[in-house]
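Asks: As input, take start-v6.txt (compact mmCIF, C-alpha atoms (C1' of nucleotides)):
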# COMPACT_ATOMS: atom_id res chain seq x y z
CA MET D 1 9.87 -8.51 14.58
CA ALA D 2 10.11 -9.42 10.89
CA ALA D 3 13.02 -7.78 9.08
CA LEU D 4 12.19 -4.54 7.35
CA PRO D 5 11.67 -4.61 3.56
CA PHE D 6 14.15 -1.78 3.11
CA THR D 7 17.66 -0.82 4.07
CA ASN D 8 19.15 2.61 4.55
CA ALA D 9 22.32 4.49 3.75
CA ILE D 10 22.33 6.73 6.79
CA ARG D 11 25.63 5.51 8.16
CA THR D 12 27.34 6.12 4.83
CA LEU D 13 25.71 9.50 4.37
CA ARG D 14 26.76 10.59 7.83
CA PHE D 15 30.30 9.57 7.01
CA LEU D 16 30.26 11.45 3.71
CA ALA D 17 28.87 14.48 5.48
CA GLY D 18 32.11 14.94 7.35
CA GLU D 19 31.55 12.16 9.87
CA MET D 20 28.39 13.78 11.08
CA THR D 21 27.38 12.40 14.43
CA GLN D 22 24.17 10.51 15.23
CA GLY D 23 23.53 13.24 17.75
CA ASP D 24 24.01 16.01 15.21
CA LEU D 25 21.73 14.27 12.74
CA GLY D 26 19.17 13.84 15.48
CA ASP D 27 19.35 17.54 16.23
CA ALA D 28 18.98 18.45 12.56
CA VAL D 29 15.97 16.18 12.28
CA SER D 30 14.53 16.94 15.72
CA VAL D 31 14.64 13.43 17.06
CA THR D 32 16.95 11.94 19.66
CA ARG D 33 20.24 10.24 18.86
CA GLN D 34 18.70 6.98 20.09
CA THR D 35 16.01 7.29 17.46
CA ILE D 36 18.64 7.85 14.78
CA ALA D 37 20.60 4.87 16.06
CA ALA D 38 17.53 2.63 15.94
CA ILE D 39 16.51 3.75 12.45
CA GLU D 40 20.08 3.43 11.20
CA GLN D 41 20.19 -0.12 12.50
CA GLY D 42 16.87 -0.94 10.90
CA LYS D 43 15.12 -1.66 14.18
CA TYR D 44 11.83 -0.23 12.96
CA SER D 45 10.10 1.71 10.24
CA PRO D 46 10.28 5.42 10.97
CA SER D 47 7.39 7.70 10.19
CA LEU D 48 7.37 9.00 6.63
CA GLU D 49 7.87 12.50 7.98
CA VAL D 50 11.04 11.61 9.86
CA ALA D 51 12.29 9.70 6.82
CA PHE D 52 11.73 12.77 4.65
CA ARG D 53 13.46 15.02 7.15
CA ILE D 54 16.50 12.76 7.27
CA ALA D 55 16.72 12.76 3.48
CA ALA D 56 16.38 16.57 3.48
CA VAL D 57 19.37 16.92 5.81
CA PHE D 58 21.53 15.08 3.30
CA ASP D 59 19.83 16.84 0.41
CA LYS D 60 19.07 13.49 -1.18
CA PRO D 61 15.86 12.00 -2.52
CA LEU D 62 14.24 9.81 0.07
CA GLU D 63 14.77 6.73 -2.03
CA GLU D 64 18.51 7.25 -2.00
CA VAL D 65 18.47 7.14 1.76
CA PHE D 66 15.93 4.35 2.23
CA ILE D 67 16.20 1.56 -0.31
CA TRP D 68 13.11 -0.56 -0.86
CA ASN D 69 13.67 -4.21 -1.48
CA ASP D 70 10.61 -6.34 -1.62
CA ALA D 71 10.14 -9.60 -3.50
CA THR D 72 7.08 -8.27 -5.30
CA THR D 73 8.92 -5.25 -6.66
CA SER D 74 10.51 -5.88 -10.04
CA MET C 1 -2.08 18.33 14.94
CA ALA C 2 0.17 20.53 12.79
CA ALA C 3 -0.34 20.08 9.08
CA LEU C 4 1.90 17.51 7.45
CA PRO C 5 4.89 18.76 5.44
CA PHE C 6 3.86 16.64 2.48
CA THR C 7 0.85 15.90 0.33
CA ASN C 8 -0.04 12.75 -1.54
CA ALA C 9 -1.45 11.71 -4.88
CA ILE C 10 -3.26 8.61 -3.70
CA ARG C 11 -6.70 9.74 -4.73
CA THR C 12 -5.51 10.52 -8.24
CA LEU C 13 -3.55 7.30 -8.51
CA ARG C 14 -6.54 5.26 -7.41
CA PHE C 15 -8.61 6.99 -10.05
CA LEU C 16 -6.01 6.33 -12.74
CA ALA C 17 -5.82 2.71 -11.65
CA GLY C 18 -9.36 2.14 -12.86
CA GLU C 19 -11.10 3.78 -9.94
CA MET C 20 -9.48 1.42 -7.51
CA THR C 21 -11.29 1.44 -4.22
CA GLN C 22 -9.86 2.48 -0.85
CA GLY C 23 -10.74 -1.00 0.30
CA ASP C 24 -8.92 -2.66 -2.58
CA LEU C 25 -5.87 -0.51 -1.99
CA GLY C 26 -6.00 -1.38 1.68
CA ASP C 27 -6.11 -5.07 0.81
CA ALA C 28 -3.19 -4.72 -1.59
CA VAL C 29 -1.19 -2.93 1.07
CA SER C 30 -2.44 -4.99 4.01
CA VAL C 31 -3.97 -2.17 5.97
CA THR C 32 -7.60 -1.32 6.54
CA ARG C 33 -9.64 0.97 4.34
CA GLN C 34 -9.86 3.38 7.26
CA THR C 35 -6.10 3.62 7.32
CA ILE C 36 -6.02 4.36 3.59
CA ALA C 37 -8.71 7.00 4.03
CA ALA C 38 -6.80 8.68 6.85
CA ILE C 39 -3.50 8.68 4.97
CA GLU C 40 -5.19 9.89 1.79
CA GLN C 41 -6.70 12.78 3.73
CA GLY C 42 -3.35 13.62 5.28
CA LYS C 43 -4.49 12.93 8.82
CA TYR C 44 -1.12 11.59 9.87
CA SER C 45 2.27 10.47 8.70
CA PRO C 46 2.15 6.78 7.81
CA SER C 47 5.04 4.49 8.56
CA LEU C 48 7.72 4.47 5.88
CA GLU C 49 6.93 0.83 5.22
CA VAL C 50 3.26 1.48 4.51
CA ALA C 51 4.22 4.43 2.32
CA PHE C 52 6.57 2.22 0.31
CA ARG C 53 3.94 -0.48 -0.07
CA ILE C 54 1.38 2.02 -1.35
CA ALA C 55 3.87 3.31 -3.90
CA ALA C 56 4.66 -0.27 -4.92
CA VAL C 57 0.99 -0.98 -5.65
CA PHE C 58 0.95 1.88 -8.15
CA ASP C 59 4.40 0.98 -9.38
CA LYS C 60 5.56 4.52 -8.74
CA PRO C 61 8.54 5.91 -6.86
CA LEU C 62 7.56 6.86 -3.35
CA GLU C 63 8.21 10.50 -4.05
CA GLU C 64 5.63 10.53 -6.82
CA VAL C 65 3.03 9.37 -4.35
CA PHE C 66 4.09 11.47 -1.36
CA ILE C 67 5.26 14.95 -2.23
CA TRP C 68 7.52 16.67 0.26
CA ASN C 69 7.03 20.36 0.69
CA ASP C 70 8.94 21.99 3.47
CA ALA C 71 10.08 25.58 3.71
CA THR C 72 13.67 24.54 4.29
CA THR C 73 13.78 22.48 1.11
CA SER C 74 14.89 24.48 -1.92
C1' DA U 1 -38.51 3.14 -2.65
C1' DC U 2 -34.93 0.00 -1.87
C1' DT U 3 -30.36 -2.09 -1.77
C1' DC U 4 -25.60 -1.95 -2.26
C1' DG U 5 -20.99 -0.29 -2.58
C1' DA U 6 -17.82 3.39 -1.53
C1' DT U 7 -16.57 6.77 1.50
C1' DG U 8 -16.62 9.78 5.91
C1' DT U 9 -16.18 9.60 10.51
C1' DT U 10 -15.65 8.41 15.42
C1' DA U 11 -14.41 5.95 19.73
C1' DA U 12 -11.76 2.73 21.93
C1' DA U 13 -8.17 -0.66 21.91
C1' DA U 14 -3.82 -2.55 20.24
C1' DA U 15 0.52 -1.98 18.14
C1' DT U 16 4.43 0.60 17.10
C1' DA U 17 7.50 4.75 17.18
C1' DT U 18 9.78 8.07 19.88
C1' DA U 19 11.50 10.38 24.28
C1' DT U 20 13.82 10.16 28.52
C1' DT U 21 17.06 8.50 31.63
C1' DA U 22 20.60 5.78 32.61
C1' DC U 23 24.57 2.88 32.26
C1' DA U 24 28.27 0.58 29.45
C1' DT U 25 32.17 0.45 26.26
C1' DA U 26 35.50 1.74 22.90
C1' DA U 27 38.34 5.31 20.60
C1' DC U 28 40.75 9.39 20.93
C1' DG U 29 43.52 13.15 22.69
C1' DT U 30 46.03 14.97 26.52
C1' DA F 1 45.85 7.13 33.49
C1' DC F 2 42.30 10.37 32.72
C1' DG F 3 38.55 12.90 30.55
C1' DT F 4 35.69 13.41 26.66
C1' DT F 5 32.89 12.02 22.78
C1' DA F 6 30.38 8.72 19.97
C1' DT F 7 27.87 4.83 20.09
C1' DG F 8 25.15 0.58 21.92
C1' DT F 9 21.62 -0.68 24.62
C1' DA F 10 17.76 -1.19 27.94
C1' DA F 11 13.59 0.16 30.82
C1' DT F 12 9.87 2.83 31.22
C1' DA F 13 6.91 6.51 29.73
C1' DT F 14 4.54 9.08 26.16
C1' DA F 15 2.98 9.90 21.47
C1' DT F 16 1.48 8.36 17.22
C1' DT F 17 -0.16 4.95 13.96
C1' DT F 18 -3.22 1.23 12.92
C1' DT F 19 -7.10 -1.90 13.88
C1' DT F 20 -11.67 -2.95 15.00
C1' DA F 21 -16.38 -2.03 15.16
C1' DA F 22 -19.96 0.88 14.40
C1' DC F 23 -22.98 4.17 12.30
C1' DA F 24 -23.95 7.81 8.66
C1' DT F 25 -24.31 9.65 3.89
C1' DC F 26 -24.34 9.69 -0.91
C1' DG F 27 -24.79 7.85 -5.74
C1' DA F 28 -25.80 4.20 -8.94
C1' DG F 29 -28.57 0.73 -10.13
C1' DT F 30 -32.86 -2.06 -9.99
Please, can you express the file's structure as structure tokens?
Replies:
Amino acid sequence: MAALPFTNAIRTLRFLAGEMTQGDLGDAVSVTRQTIAAIEQGKYSPSLEVAFRIAAVFDKPLEEVFIWNDATTS
Amino acid sequence: MAALPFTNAIRTLRFLAGEMTQGDLGDAVSVTRQTIAAIEQGKYSPSLEVAFRIAAVFDKPLEEVFIWNDATTS
DNA sequence: ACTCGATGTTAAAAATATATTACATAACGT
DNA sequence: ACGTTATGTAATATATTTTTAACATCGAGT
């Protein structure tokens, strides 16, 4: 289990992108809506490739979509 | 198979970090040296968490360690 | 010539991410 | 009240990542 050391802004970005649907994002990224839902809810760490593709859809740098927060990081 | 849509600068960063070893990097990141070797050679897409931890070791933004290059990205 | 450390590589197992299918609910428009 | 759409969620299957263990090579030192 262990909570992930990062959060994400997917929900917000979907909203800002005209209330884009989980399903639509999934299509754009080529994963299922369930995968988007799980990632959005922080249920697991996606592959770097999927993370990059999600960021690309929103035309944002990856680190604006996935926000690292670890104790050891200043 | 299918080549990954990103490259990485791990080898260079290890060199710049005083010729840090794959094994040492693995220890710092809590994965095995084989995993570092495979990621470094672009054999697969690591988990976003491992990617973040690697970047954190070098104190670099993730996107300076893993460089996205997809046709659809401007 | 020998050892040692770093790296390459591979096979098999374990762990984790993702797909598929299915059912549930809540919000919305008609 | 009804149908539709978005979302939550769960079980099982498949794919991918990561570990473990092992063996090979190469370069630097002694």
Asks: Could the residues of chain D within 12 Å of chain C, counting only C-alpha atoms, be given as a PyMOL selection string, please?
Replies: chain D and resi 3-8+28-29+39+42+44-74
Asks: Which residues come within 12 Å of U:DA26, counting all atoms listed in the file, excluding same-chain residues fewer than 3 positions away, as JSON, numbers by chain?
Replies: {"F": [5, 6, 7, 8]}
Asks: Write out as a PyMOL selection string the residues lying within 12 Å of U:DA11, counting all atoms listed in the file and excluding same-chain residues fewer than 5 positions away.
Replies: chain F and resi 20-23
Asks: Could you give me, as a tab-separated table, every chain U residue with an atom at most 12 Å from chain C, plus its closest atom pair and distance in Å to one decimal, counting only C-alpha atoms (C1' of nucleotides), rows ordered by chain then number?
Replies:
residue	atom	partner	partner_atom	distance
U:DG5	C1'	C:Thr21	CA	10.0
U:DA6	C1'	C:Thr21	CA	7.3
U:DT7	C1'	C:Ala37	CA	8.3
U:DG8	C1'	C:Ala37	CA	8.6
U:DT9	C1'	C:Gln34	CA	9.4
U:DT10	C1'	C:Gln34	CA	11.2
U:DT16	C1'	C:Ser47	CA	9.4
U:DA17	C1'	C:Ser47	CA	9.0
Asks: Atom CA of C:Val31 and atom C1' of F:DT19 are how many Å apart?
Replies: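 Computed distance, atom CA of C:Val31 to atom C1' of F:DT19, equals 8.5 Å.
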Asks: Please give chain D as a short mmCIF file (atom, residue, chain, number, x, y, z; two decimals) with C-alpha atoms, keeping the file's coordinate frame, after it has been superposed on chain C by least squares over all Cα atoms paired in order.
Replies:
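part.cif, written as the output of this step:
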data_model
loop_
_atom_site.label_atom_id
_atom_site.label_comp_id
_atom_site.auth_asym_id
_atom_site.auth_seq_id
_atom_site.Cartn_x
_atom_site.Cartn_y
_atom_site.Cartn_z
CA MET D 1 -2.09 18.45 15.02
CA ALA D 2 0.17 20.57 12.80
CA ALA D 3 -0.39 20.06 9.08
CA LEU D 4 1.87 17.51 7.48
CA PRO D 5 4.86 18.78 5.45
CA PHE D 6 3.83 16.63 2.50
CA THR D 7 0.83 15.90 0.35
CA ASN D 8 -0.05 12.75 -1.53
CA ALA D 9 -1.46 11.71 -4.87
CA ILE D 10 -3.25 8.60 -3.68
CA ARG D 11 -6.70 9.73 -4.70
CA THR D 12 -5.51 10.52 -8.21
CA LEU D 13 -3.55 7.30 -8.50
CA ARG D 14 -6.53 5.27 -7.39
CA PHE D 15 -8.61 6.98 -10.03
CA LEU D 16 -6.02 6.34 -12.73
CA ALA D 17 -5.82 2.73 -11.65
CA GLY D 18 -9.34 2.12 -12.86
CA GLU D 19 -11.10 3.78 -9.94
CA MET D 20 -9.47 1.43 -7.52
CA THR D 21 -11.28 1.45 -4.22
CA GLN D 22 -9.85 2.49 -0.85
CA GLY D 23 -10.75 -0.98 0.29
CA ASP D 24 -8.92 -2.64 -2.58
CA LEU D 25 -5.85 -0.51 -1.99
CA GLY D 26 -6.01 -1.38 1.68
CA ASP D 27 -6.12 -5.06 0.80
CA ALA D 28 -3.18 -4.72 -1.59
CA VAL D 29 -1.19 -2.93 1.08
CA SER D 30 -2.45 -4.99 4.02
CA VAL D 31 -3.97 -2.16 5.97
CA THR D 32 -7.62 -1.33 6.51
CA ARG D 33 -9.64 0.98 4.28
CA GLN D 34 -9.88 3.39 7.22
CA THR D 35 -6.11 3.61 7.32
CA ILE D 36 -6.03 4.36 3.60
CA ALA D 37 -8.73 6.98 4.04
CA ALA D 38 -6.81 8.68 6.85
CA ILE D 39 -3.51 8.67 4.96
CA GLU D 40 -5.20 9.88 1.79
CA GLN D 41 -6.70 12.76 3.72
CA GLY D 42 -3.37 13.61 5.28
CA LYS D 43 -4.51 12.93 8.83
CA TYR D 44 -1.14 11.55 9.86
CA SER D 45 2.25 10.42 8.69
CA PRO D 46 2.16 6.75 7.79
CA SER D 47 5.07 4.49 8.55
CA LEU D 48 7.74 4.47 5.86
CA GLU D 49 6.96 0.82 5.20
CA VAL D 50 3.30 1.46 4.49
CA ALA D 51 4.24 4.43 2.33
CA PHE D 52 6.59 2.23 0.31
CA ARG D 53 3.97 -0.47 -0.05
CA ILE D 54 1.41 2.02 -1.33
CA ALA D 55 3.88 3.32 -3.90
CA ALA D 56 4.68 -0.28 -4.93
CA VAL D 57 1.00 -0.97 -5.65
CA PHE D 58 0.95 1.89 -8.13
CA ASP D 59 4.42 0.98 -9.38
CA LYS D 60 5.57 4.53 -8.75
CA PRO D 61 8.54 5.93 -6.87
CA LEU D 62 7.57 6.87 -3.37
CA GLU D 63 8.20 10.52 -4.04
CA GLU D 64 5.62 10.54 -6.80
CA VAL D 65 3.02 9.38 -4.34
CA PHE D 66 4.08 11.47 -1.35
CA ILE D 67 5.25 14.96 -2.22
CA TRP D 68 7.50 16.69 0.28
CA ASN D 69 7.00 20.37 0.72
CA ASP D 70 8.95 21.98 3.46
CA ALA D 71 10.11 25.59 3.68
CA THR D 72 13.71 24.53 4.22
CA THR D 73 13.79 22.43 1.07
CA SER D 74 14.93 24.37 -1.98
#
Asks: What is the distance between atom CA of D:Ala9 and atom C1' of F:DT9, in Å to one decimal?
Replies: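 Those two atoms sit 21.5 Å apart.
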Asks: Measuring atom to atom with only C-alpha atoms (C1' of nucleotides), identify which of F:DT25, F:DT4, F:DT17, F:DT12 is nearest to chain D.
Replies: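 Ranking F:DT25, F:DT4, F:DT17, F:DT12 by distance to chain D, first place goes to F:DT17.
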Asks: Ranking F:DA11, F:DA28, F:DG3, F:DT18 by minimum distance to chain C and counting all atoms listed in the file, which one comes first?
Replies: F:DT18
Asks: Could you tell me how far atom CA of D:Leu13 lies from atom CA of D:Thr35, in Å and to one decimal?
Replies: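 That distance, rounded to one decimal, is 16.4 Å.
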Asks: Taking 2 positions as the minimum chain separation for residues in the same chain, which residues sit within 12 Å of F:DT30 when counting all atoms listed in the file? Answer as a list in words.
Replies: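 Once the nearby chain positions are removed, what remains is DA1, DC2, DT3 and DC4 of chain U; DA28 of chain F.
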Asks: Taking all atoms listed in the file into account, name the residue in C:Ile36, C:Thr12, C:Gly18, C:Asp24 that is nearest to chain F.
Replies: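 Closest candidate: C:Ile36.
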